[in-house]
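input-v2.cif, holding mmCIF, C-alpha atoms and all ligand atoms:
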```cif
data_input
loop_
_atom_site.group_PDB
_atom_site.id
_atom_site.type_symbol
_atom_site.label_atom_id
_atom_site.label_comp_id
_atom_site.auth_asym_id
_atom_site.auth_seq_id
_atom_site.Cartn_x
_atom_site.Cartn_y
_atom_site.Cartn_z
ATOM 1 C CA MET A 1 -74.908 -31.153 44.486
ATOM 2 C CA LEU A 2 -78.182 -32.524 43.212
ATOM 3 C CA ALA A 3 -81.168 -34.033 44.995
ATOM 4 C CA THR A 4 -84.749 -34.836 44.113
ATOM 5 C CA ILE A 5 -87.853 -34.593 46.321
ATOM 6 C CA THR A 6 -91.454 -35.429 45.452
ATOM 7 C CA MET A 7 -94.257 -33.061 46.475
ATOM 8 C CA ARG A 8 -97.229 -35.386 46.207
ATOM 9 C CA LYS A 9 -99.869 -32.760 46.819
ATOM 10 C CA ALA A 10 -100.091 -28.994 47.253
ATOM 11 C CA SER A 11 -100.806 -29.328 50.984
ATOM 12 C CA ASP A 12 -97.379 -30.966 51.440
ATOM 13 C CA ALA A 13 -95.706 -27.649 50.549
ATOM 14 C CA GLU A 14 -94.933 -26.543 54.115
ATOM 15 C CA GLU A 15 -93.420 -29.891 55.080
ATOM 16 C CA ILE A 16 -91.323 -29.987 51.897
ATOM 17 C CA ALA A 17 -90.266 -26.387 52.476
ATOM 18 C CA ARG A 18 -89.083 -27.264 56.003
ATOM 19 C CA LEU A 19 -87.045 -30.139 54.635
ATOM 20 C CA ILE A 20 -85.391 -27.947 51.999
ATOM 21 C CA LEU A 21 -84.644 -25.221 54.558
ATOM 22 C CA GLN A 22 -83.165 -27.696 57.033
ATOM 23 C CA SER A 23 -80.890 -29.210 54.431
ATOM 24 C CA HIS A 24 -79.737 -25.751 53.225
ATOM 25 C CA ALA A 25 -79.541 -23.968 56.562
ATOM 26 C CA GLU A 26 -76.890 -21.465 55.450
ATOM 27 C CA ARG A 27 -78.696 -20.474 52.242
ATOM 28 C CA ARG A 28 -81.002 -17.489 51.907
ATOM 29 C CA VAL A 29 -81.708 -17.164 48.168
ATOM 30 C CA PHE A 30 -83.866 -19.751 46.409
ATOM 31 C CA ALA A 31 -84.640 -19.618 42.674
ATOM 32 C CA LEU A 32 -87.784 -21.532 41.649
ATOM 33 C CA HIS A 33 -87.802 -22.715 38.045
ATOM 34 C CA GLY A 34 -90.717 -24.351 36.252
ATOM 35 C CA GLU A 35 -93.612 -23.721 33.896
ATOM 36 C CA LEU A 36 -96.824 -21.898 34.718
ATOM 37 C CA GLY A 37 -98.742 -24.107 37.153
ATOM 38 C CA ALA A 38 -95.671 -26.098 38.183
ATOM 39 C CA GLY A 39 -96.226 -25.182 41.832
ATOM 40 C CA LYS A 40 -93.699 -22.386 42.425
ATOM 41 C CA THR A 41 -96.123 -20.083 44.264
ATOM 42 C CA THR A 42 -97.563 -23.042 46.183
ATOM 43 C CA LEU A 43 -94.107 -24.036 47.419
ATOM 44 C CA ILE A 44 -93.246 -20.424 48.316
ATOM 45 C CA LYS A 45 -96.406 -20.279 50.449
ATOM 46 C CA GLY A 46 -94.975 -23.353 52.169
ATOM 47 C CA PHE A 47 -91.647 -21.565 52.713
ATOM 48 C CA CYS A 48 -93.500 -18.567 54.158
ATOM 49 C CA ALA A 49 -95.462 -20.755 56.563
ATOM 50 C CA ALA A 50 -92.339 -22.678 57.581
ATOM 51 C CA LEU A 51 -90.528 -19.386 58.245
ATOM 52 C CA GLY A 52 -93.271 -17.951 60.425
ATOM 53 C CA VAL A 53 -95.081 -15.579 58.070
ATOM 54 C CA ALA A 54 -98.591 -15.017 59.392
ATOM 55 C CA ASP A 55 -99.890 -12.804 56.540
ATOM 56 C CA ARG A 56 -101.858 -14.281 53.736
ATOM 57 C CA THR A 57 -99.325 -14.943 51.000
ATOM 58 C CA SER A 58 -100.233 -14.713 47.360
ATOM 59 C CA SER A 59 -98.424 -14.401 44.082
ATOM 60 C CA PRO A 60 -97.185 -10.847 43.580
ATOM 61 C CA SER A 61 -99.156 -10.513 40.350
ATOM 62 C CA PHE A 62 -98.684 -6.790 39.940
ATOM 63 C CA ALA A 63 -95.665 -6.028 42.062
ATOM 64 C CA ILE A 64 -92.307 -7.543 41.171
ATOM 65 C CA VAL A 65 -91.590 -8.068 44.853
ATOM 66 C CA ASN A 66 -93.771 -8.730 47.903
ATOM 67 C CA GLU A 67 -92.368 -8.236 51.376
ATOM 68 C CA TYR A 68 -93.593 -10.323 54.285
ATOM 69 C CA ARG A 69 -92.735 -10.248 57.997
ATOM 70 C CA ARG A 70 -91.612 -13.338 59.832
ATOM 71 C CA ASP A 71 -92.580 -13.953 63.475
ATOM 72 C CA THR A 72 -88.954 -13.048 64.285
ATOM 73 C CA ASP A 73 -89.734 -9.639 62.714
ATOM 74 C CA GLU A 74 -87.243 -10.334 59.915
ATOM 75 C CA PRO A 75 -88.417 -9.590 56.381
ATOM 76 C CA LEU A 76 -88.913 -12.262 53.722
ATOM 77 C CA TYR A 77 -89.059 -11.380 50.022
ATOM 78 C CA HIS A 78 -91.061 -13.074 47.273
ATOM 79 C CA PHE A 79 -90.158 -12.067 43.727
ATOM 80 C CA ASP A 80 -92.165 -12.851 40.624
ATOM 81 C CA LEU A 81 -90.181 -11.718 37.608
ATOM 82 C CA TYR A 82 -92.755 -12.982 35.085
ATOM 83 C CA ARG A 83 -93.912 -9.524 34.050
ATOM 84 C CA LEU A 84 -90.479 -7.999 34.019
ATOM 85 C CA ARG A 85 -89.799 -6.321 30.695
ATOM 86 C CA ASP A 86 -86.039 -6.169 30.963
ATOM 87 C CA ALA A 87 -83.275 -6.702 33.480
ATOM 88 C CA ASN A 88 -82.820 -2.937 33.956
ATOM 89 C CA GLU A 89 -86.056 -2.947 35.943
ATOM 90 C CA LEU A 90 -84.255 -5.054 38.518
ATOM 91 C CA ASP A 91 -81.803 -2.218 39.138
ATOM 92 C CA GLY A 92 -84.800 0.063 39.595
ATOM 93 C CA ILE A 93 -86.177 -2.017 42.462
ATOM 94 C CA GLY A 94 -82.732 -2.647 43.979
ATOM 95 C CA PHE A 95 -82.773 -6.387 43.324
ATOM 96 C CA GLU A 96 -79.143 -6.948 44.284
ATOM 97 C CA GLU A 97 -79.619 -5.242 47.637
ATOM 98 C CA TYR A 98 -82.493 -7.596 48.452
ATOM 99 C CA VAL A 99 -80.585 -10.750 47.580
ATOM 100 C CA ASP A 100 -77.497 -9.543 49.452
ATOM 101 C CA SER A 101 -79.495 -8.445 52.513
ATOM 102 C CA GLY A 102 -79.265 -11.751 54.359
ATOM 103 C CA ALA A 103 -83.073 -12.060 54.400
ATOM 104 C CA TYR A 104 -84.775 -15.037 52.802
ATOM 105 C CA CYS A 105 -85.550 -14.421 49.113
ATOM 106 C CA PHE A 106 -87.679 -16.684 46.908
ATOM 107 C CA ILE A 107 -87.659 -15.927 43.190
ATOM 108 C CA GLU A 108 -90.167 -17.094 40.561
ATOM 109 C CA TRP A 109 -88.986 -16.820 36.916
ATOM 110 C CA PRO A 110 -85.364 -16.328 38.056
ATOM 111 C CA GLU A 111 -84.065 -16.747 34.483
ATOM 112 C CA LEU A 112 -84.723 -13.037 34.035
ATOM 113 C CA ALA A 113 -82.227 -12.198 36.780
ATOM 114 C CA GLU A 114 -79.418 -14.269 35.408
ATOM 115 C CA GLY A 115 -76.091 -12.742 36.400
ATOM 116 C CA LEU A 116 -77.670 -10.865 39.314
ATOM 117 C CA ARG A 117 -78.271 -13.930 41.460
ATOM 118 C CA PRO A 118 -75.725 -14.658 44.175
ATOM 119 C CA SER A 119 -73.484 -17.645 43.459
ATOM 120 C CA ASP A 120 -74.832 -19.508 46.493
ATOM 121 C CA THR A 121 -78.413 -19.453 45.200
ATOM 122 C CA VAL A 122 -80.266 -22.749 45.644
ATOM 123 C CA HIS A 123 -82.021 -23.714 42.411
ATOM 124 C CA LEU A 124 -85.300 -25.630 42.611
ATOM 125 C CA LEU A 125 -86.758 -27.038 39.394
ATOM 126 C CA LEU A 126 -90.438 -27.986 39.706
ATOM 127 C CA GLU A 127 -91.983 -30.373 37.202
ATOM 128 C CA ALA A 128 -95.346 -32.120 37.035
ATOM 129 C CA SER A 129 -94.993 -35.858 37.403
ATOM 130 C CA PRO A 130 -97.282 -38.346 35.625
ATOM 131 C CA THR A 131 -98.891 -39.272 38.963
ATOM 132 C CA GLY A 132 -100.172 -35.700 39.448
ATOM 133 C CA GLY A 133 -97.554 -34.675 41.994
ATOM 134 C CA ARG A 134 -94.515 -32.516 41.462
ATOM 135 C CA THR A 135 -90.865 -33.431 41.297
ATOM 136 C CA ILE A 136 -88.445 -30.909 42.776
ATOM 137 C CA THR A 137 -84.850 -31.127 41.611
ATOM 138 C CA ILE A 138 -82.491 -29.196 43.865
ATOM 139 C CA THR A 139 -79.180 -27.911 42.543
ATOM 140 C CA THR A 140 -76.500 -25.924 44.341
ATOM 141 C CA ARG A 141 -73.351 -24.720 42.667
ATOM 142 C CA LYS A 142 -71.195 -24.246 45.771
HETATM 143 N N1 LIG A 201 -98.077 -31.658 44.206
HETATM 144 C C1 LIG A 201 -98.408 -30.391 43.973
HETATM 145 N N2 LIG A 201 -97.590 -29.409 44.310
HETATM 146 C C2 LIG A 201 -97.900 -28.105 44.055
HETATM 147 N N3 LIG A 201 -99.031 -27.693 43.457
HETATM 148 C C3 LIG A 201 -99.905 -28.632 43.110
HETATM 149 C C4 LIG A 201 -99.635 -30.009 43.340
HETATM 150 N N4 LIG A 201 -100.657 -30.698 42.870
HETATM 151 C C5 LIG A 201 -101.515 -29.815 42.380
HETATM 152 N N5 LIG A 201 -101.080 -28.550 42.516
HETATM 153 C C6 LIG A 201 -101.810 -27.352 42.072
HETATM 154 O O1 LIG A 201 -101.143 -26.790 40.957
HETATM 155 C C7 LIG A 201 -101.290 -25.372 40.959
HETATM 156 C C8 LIG A 201 -99.910 -24.753 40.985
HETATM 157 O O2 LIG A 201 -100.061 -23.373 40.874
HETATM 158 P P1 LIG A 201 -98.944 -22.362 41.311
HETATM 159 O O3 LIG A 201 -98.315 -22.767 42.601
HETATM 160 O O4 LIG A 201 -99.552 -21.013 41.236
HETATM 161 O O5 LIG A 201 -97.865 -22.564 40.145
HETATM 162 P P2 LIG A 201 -96.797 -21.548 39.541
HETATM 163 O O6 LIG A 201 -96.524 -20.488 40.577
HETATM 164 O O7 LIG A 201 -95.590 -22.417 39.258
HETATM 165 O O8 LIG A 201 -97.382 -21.001 38.285
HETATM 166 C C9 LIG A 201 -102.086 -25.016 42.210
HETATM 167 O O9 LIG A 201 -103.439 -24.888 41.850
HETATM 168 C C10 LIG A 201 -101.884 -26.224 43.102
HETATM 169 O O10 LIG A 201 -102.953 -26.420 44.005
HETATM 170 MG MG MG A 202 -96.576 -18.381 40.468
#
```
Would it be possible to restate this file's structure as structure tokens?
Amino acid sequence: MLATITMRKASDAEEIARLILQSHAERRVFALHGELGAGKTTLIKGFCAALGVADRTSSPSFAIVNEYRRDTDEPLYHFDLYRLRDANELDGIGFEEYVDSGAYCFIEWPELAEGLRPSDTVHLLLEASPTGGRTITITTRK
């Protein structure tokens, strides 16, 4: 299945995130594709807000994974695989256990975890549009 949404400005992230969550209510793993500056971290902040994370959320620049708490006390995981040297490092942090845990997982640079992502991952491709906004193309394989 394929759908496209426009995120006109960064401050629309939470509303867009809500929409994506509502239309994929059974899904827990979201892979965010797109170049540097495409808006992946911005959208993940929107997901965090929509899912009741009160902490300040930022890109996990040094850690591969950041854990947040939702207001339901459930964890939420934000991965940034940009600085990953090789896929073996994912075994080291227990990547598969996170994505199989049933908690929400949002993954930046998911290409580096190819083969380790669950088959019901929702793929979001973010691209700058000529009008300054971002186009989000949503793909699910199941
Ligand atoms: N429509 C939009 N959606 C998301 N980000 C936007 C948008 N318009 C401008 N931006 C800006 O683009 C930058 C995106 O950065 P970021 O989310 O860190 O990207 P990435 O994580 O993909 O590298 C932010 O400074 C954000 O404010
Ligand atoms: Mg980022």
For ligand MG 202 (chain A), which of A:Ile16, A:Leu90, A:Leu2, A:Leu36 is the closest residue, counting all atoms listed in the file?
->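 Smallest distance to ligand MG 202 (chain A) is found for A:Leu36.
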Sorted per-residue table, chain A near ligand MG 202 (chain A), closest atoms and distance, 8 Å, all atoms listed in the file, as a Markdown table:
```
| residue | atom | partner | partner_atom | distance |
| --- | --- | --- | --- | --- |
| A:Leu36 | CA | A:MG202 | MG | 6.7 |
| A:Gly37 | CA | A:MG202 | MG | 7.0 |
| A:Gly39 | CA | A:MG202 | MG | 6.9 |
| A:Lys40 | CA | A:MG202 | MG | 5.3 |
| A:Thr41 | CA | A:MG202 | MG | 4.2 |
| A:Thr42 | CA | A:MG202 | MG | 7.4 |
| A:Ser59 | CA | A:MG202 | MG | 5.7 |
| A:Asp80 | CA | A:MG202 | MG | 7.1 |
| A:Glu108 | CA | A:MG202 | MG | 6.5 |
```
Have a look at A:Ala38, A:Ala25, A:Leu124, A:Leu32 and name the one nearest to ligand LIG 201 (chain A); count only C-alpha atoms and all ligand atoms.
->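 Going through A:Ala38, A:Ala25, A:Leu124, A:Leu32 one by one, the smallest distance to ligand LIG 201 (chain A) is for A:Ala38.
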Cut-off 10 Å, all atoms listed in the file, neighbours of ligand LIG 201 (chain A) as a ChimeraX atom specification | /A:6-13,16,32-46,58-59,80,82,108-109,125-129,131-136
Would you write out those residues with C-alpha atoms, as a PDB file, in the coordinates of the input?
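What ended up in again.pdb:
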```
ATOM      1  CA  THR A   6     -91.454 -35.429  45.452  1.00  0.00           C
ATOM      2  CA  MET A   7     -94.257 -33.061  46.475  1.00  0.00           C
ATOM      3  CA  ARG A   8     -97.229 -35.386  46.207  1.00  0.00           C
ATOM      4  CA  LYS A   9     -99.869 -32.760  46.819  1.00  0.00           C
ATOM      5  CA  ALA A  10    -100.091 -28.994  47.253  1.00  0.00           C
ATOM      6  CA  SER A  11    -100.806 -29.328  50.984  1.00  0.00           C
ATOM      7  CA  ASP A  12     -97.379 -30.966  51.440  1.00  0.00           C
ATOM      8  CA  ALA A  13     -95.706 -27.649  50.549  1.00  0.00           C
ATOM      9  CA  ILE A  16     -91.323 -29.987  51.897  1.00  0.00           C
ATOM     10  CA  LEU A  32     -87.784 -21.532  41.649  1.00  0.00           C
ATOM     11  CA  HIS A  33     -87.802 -22.715  38.045  1.00  0.00           C
ATOM     12  CA  GLY A  34     -90.717 -24.351  36.252  1.00  0.00           C
ATOM     13  CA  GLU A  35     -93.612 -23.721  33.896  1.00  0.00           C
ATOM     14  CA  LEU A  36     -96.824 -21.898  34.718  1.00  0.00           C
ATOM     15  CA  GLY A  37     -98.742 -24.107  37.153  1.00  0.00           C
ATOM     16  CA  ALA A  38     -95.671 -26.098  38.183  1.00  0.00           C
ATOM     17  CA  GLY A  39     -96.226 -25.182  41.832  1.00  0.00           C
ATOM     18  CA  LYS A  40     -93.699 -22.386  42.425  1.00  0.00           C
ATOM     19  CA  THR A  41     -96.123 -20.083  44.264  1.00  0.00           C
ATOM     20  CA  THR A  42     -97.563 -23.042  46.183  1.00  0.00           C
ATOM     21  CA  LEU A  43     -94.107 -24.036  47.419  1.00  0.00           C
ATOM     22  CA  ILE A  44     -93.246 -20.424  48.316  1.00  0.00           C
ATOM     23  CA  LYS A  45     -96.406 -20.279  50.449  1.00  0.00           C
ATOM     24  CA  GLY A  46     -94.975 -23.353  52.169  1.00  0.00           C
ATOM     25  CA  SER A  58    -100.233 -14.713  47.360  1.00  0.00           C
ATOM     26  CA  SER A  59     -98.424 -14.401  44.082  1.00  0.00           C
ATOM     27  CA  ASP A  80     -92.165 -12.851  40.624  1.00  0.00           C
ATOM     28  CA  TYR A  82     -92.755 -12.982  35.085  1.00  0.00           C
ATOM     29  CA  GLU A 108     -90.167 -17.094  40.561  1.00  0.00           C
ATOM     30  CA  TRP A 109     -88.986 -16.820  36.916  1.00  0.00           C
ATOM     31  CA  LEU A 125     -86.758 -27.038  39.394  1.00  0.00           C
ATOM     32  CA  LEU A 126     -90.438 -27.986  39.706  1.00  0.00           C
ATOM     33  CA  GLU A 127     -91.983 -30.373  37.202  1.00  0.00           C
ATOM     34  CA  ALA A 128     -95.346 -32.120  37.035  1.00  0.00           C
ATOM     35  CA  SER A 129     -94.993 -35.858  37.403  1.00  0.00           C
ATOM     36  CA  THR A 131     -98.891 -39.272  38.963  1.00  0.00           C
ATOM     37  CA  GLY A 132    -100.172 -35.700  39.448  1.00  0.00           C
ATOM     38  CA  GLY A 133     -97.554 -34.675  41.994  1.00  0.00           C
ATOM     39  CA  ARG A 134     -94.515 -32.516  41.462  1.00  0.00           C
ATOM     40  CA  THR A 135     -90.865 -33.431  41.297  1.00  0.00           C
ATOM     41  CA  ILE A 136     -88.445 -30.909  42.776  1.00  0.00           C
TER      42      ILE A 136
END
```
With a distance cut-off of 9 Å and all atoms listed in the file, select the neighbouring residues of Ala50 in chain A, excluding the residue or stretch itself and same-chain residues fewer than 3 positions from it, and output the selection as an MDAnalysis selection string.
-> chainID A and resid 14:15 17:18 21 45:47 53
Translate the PyMOL selection byres (((chain A and resi 105) around 7) and not hetatm), as applied to the file shown, into an explicit residue set as a PyMOL selection string.
-> chain A and resi 28-30+76-78+99+103-104+106-107
Kindly indicate which residue among A:Thr139, A:Pro75, A:Glu111, A:Arg70 lies nearest to Ile20 in chain A, using only C-alpha atoms for the distances.
->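 Ranking A:Thr139, A:Pro75, A:Glu111, A:Arg70 by distance to Ile20 in chain A, first place goes to A:Thr139.
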Provide the CA of His24 in chain A to CA of Ile93 in chain A distance in Å, to one decimal place.
->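 Pair CA of His24 in chain A / CA of Ile93 in chain A returns 26.8 Å.
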At what distance in Å, to one decimal, does CA of Glu74 in chain A lie from CA of Asp55 in chain A?
-> 13.3 Å
Leaving out Gly52 in chain A and any residue of its chain fewer than 6 positions from it, which residues lie within 9 Å of it when counting only C-alpha atoms, given as a ChimeraX atom specification?
-> /A:69-72
Which distance in Å separates CA of Asp91 in chain A and CA of His123 in chain A, to one decimal?
->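 Pair CA of Asp91 in chain A / CA of His123 in chain A returns 21.7 Å.
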What residues come out when you apply the PyMOL selection byres (((chain A and resi 113) around 10) and not hetatm) to this file, written as a JSON list (two decimals) with C-alpha atoms, keeping the file's coordinate frame?
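Done, and the output landed in expr23.json:
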```
[["chain", "number", "residue", "atom", "x", "y", "z"],
["A", 31, "ALA", "CA", -84.64, -19.62, 42.67],
["A", 81, "LEU", "CA", -90.18, -11.72, 37.61],
["A", 84, "LEU", "CA", -90.48, -8.00, 34.02],
["A", 86, "ASP", "CA", -86.04, -6.17, 30.96],
["A", 87, "ALA", "CA", -83.28, -6.70, 33.48],
["A", 88, "ASN", "CA", -82.82, -2.94, 33.96],
["A", 90, "LEU", "CA", -84.26, -5.05, 38.52],
["A", 95, "PHE", "CA", -82.77, -6.39, 43.32],
["A", 96, "GLU", "CA", -79.14, -6.95, 44.28],
["A", 107, "ILE", "CA", -87.66, -15.93, 43.19],
["A", 109, "TRP", "CA", -88.99, -16.82, 36.92],
["A", 110, "PRO", "CA", -85.36, -16.33, 38.06],
["A", 111, "GLU", "CA", -84.06, -16.75, 34.48],
["A", 112, "LEU", "CA", -84.72, -13.04, 34.03],
["A", 114, "GLU", "CA", -79.42, -14.27, 35.41],
["A", 115, "GLY", "CA", -76.09, -12.74, 36.40],
["A", 116, "LEU", "CA", -77.67, -10.86, 39.31],
["A", 117, "ARG", "CA", -78.27, -13.93, 41.46]]
```
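Between Thr121 in chain A and the residues A:Arg27, A:Ala54, A:Cys48, A:Tyr98, the shortest atom-to-atom distance, using all atoms listed in the file, involves A:Arg27.
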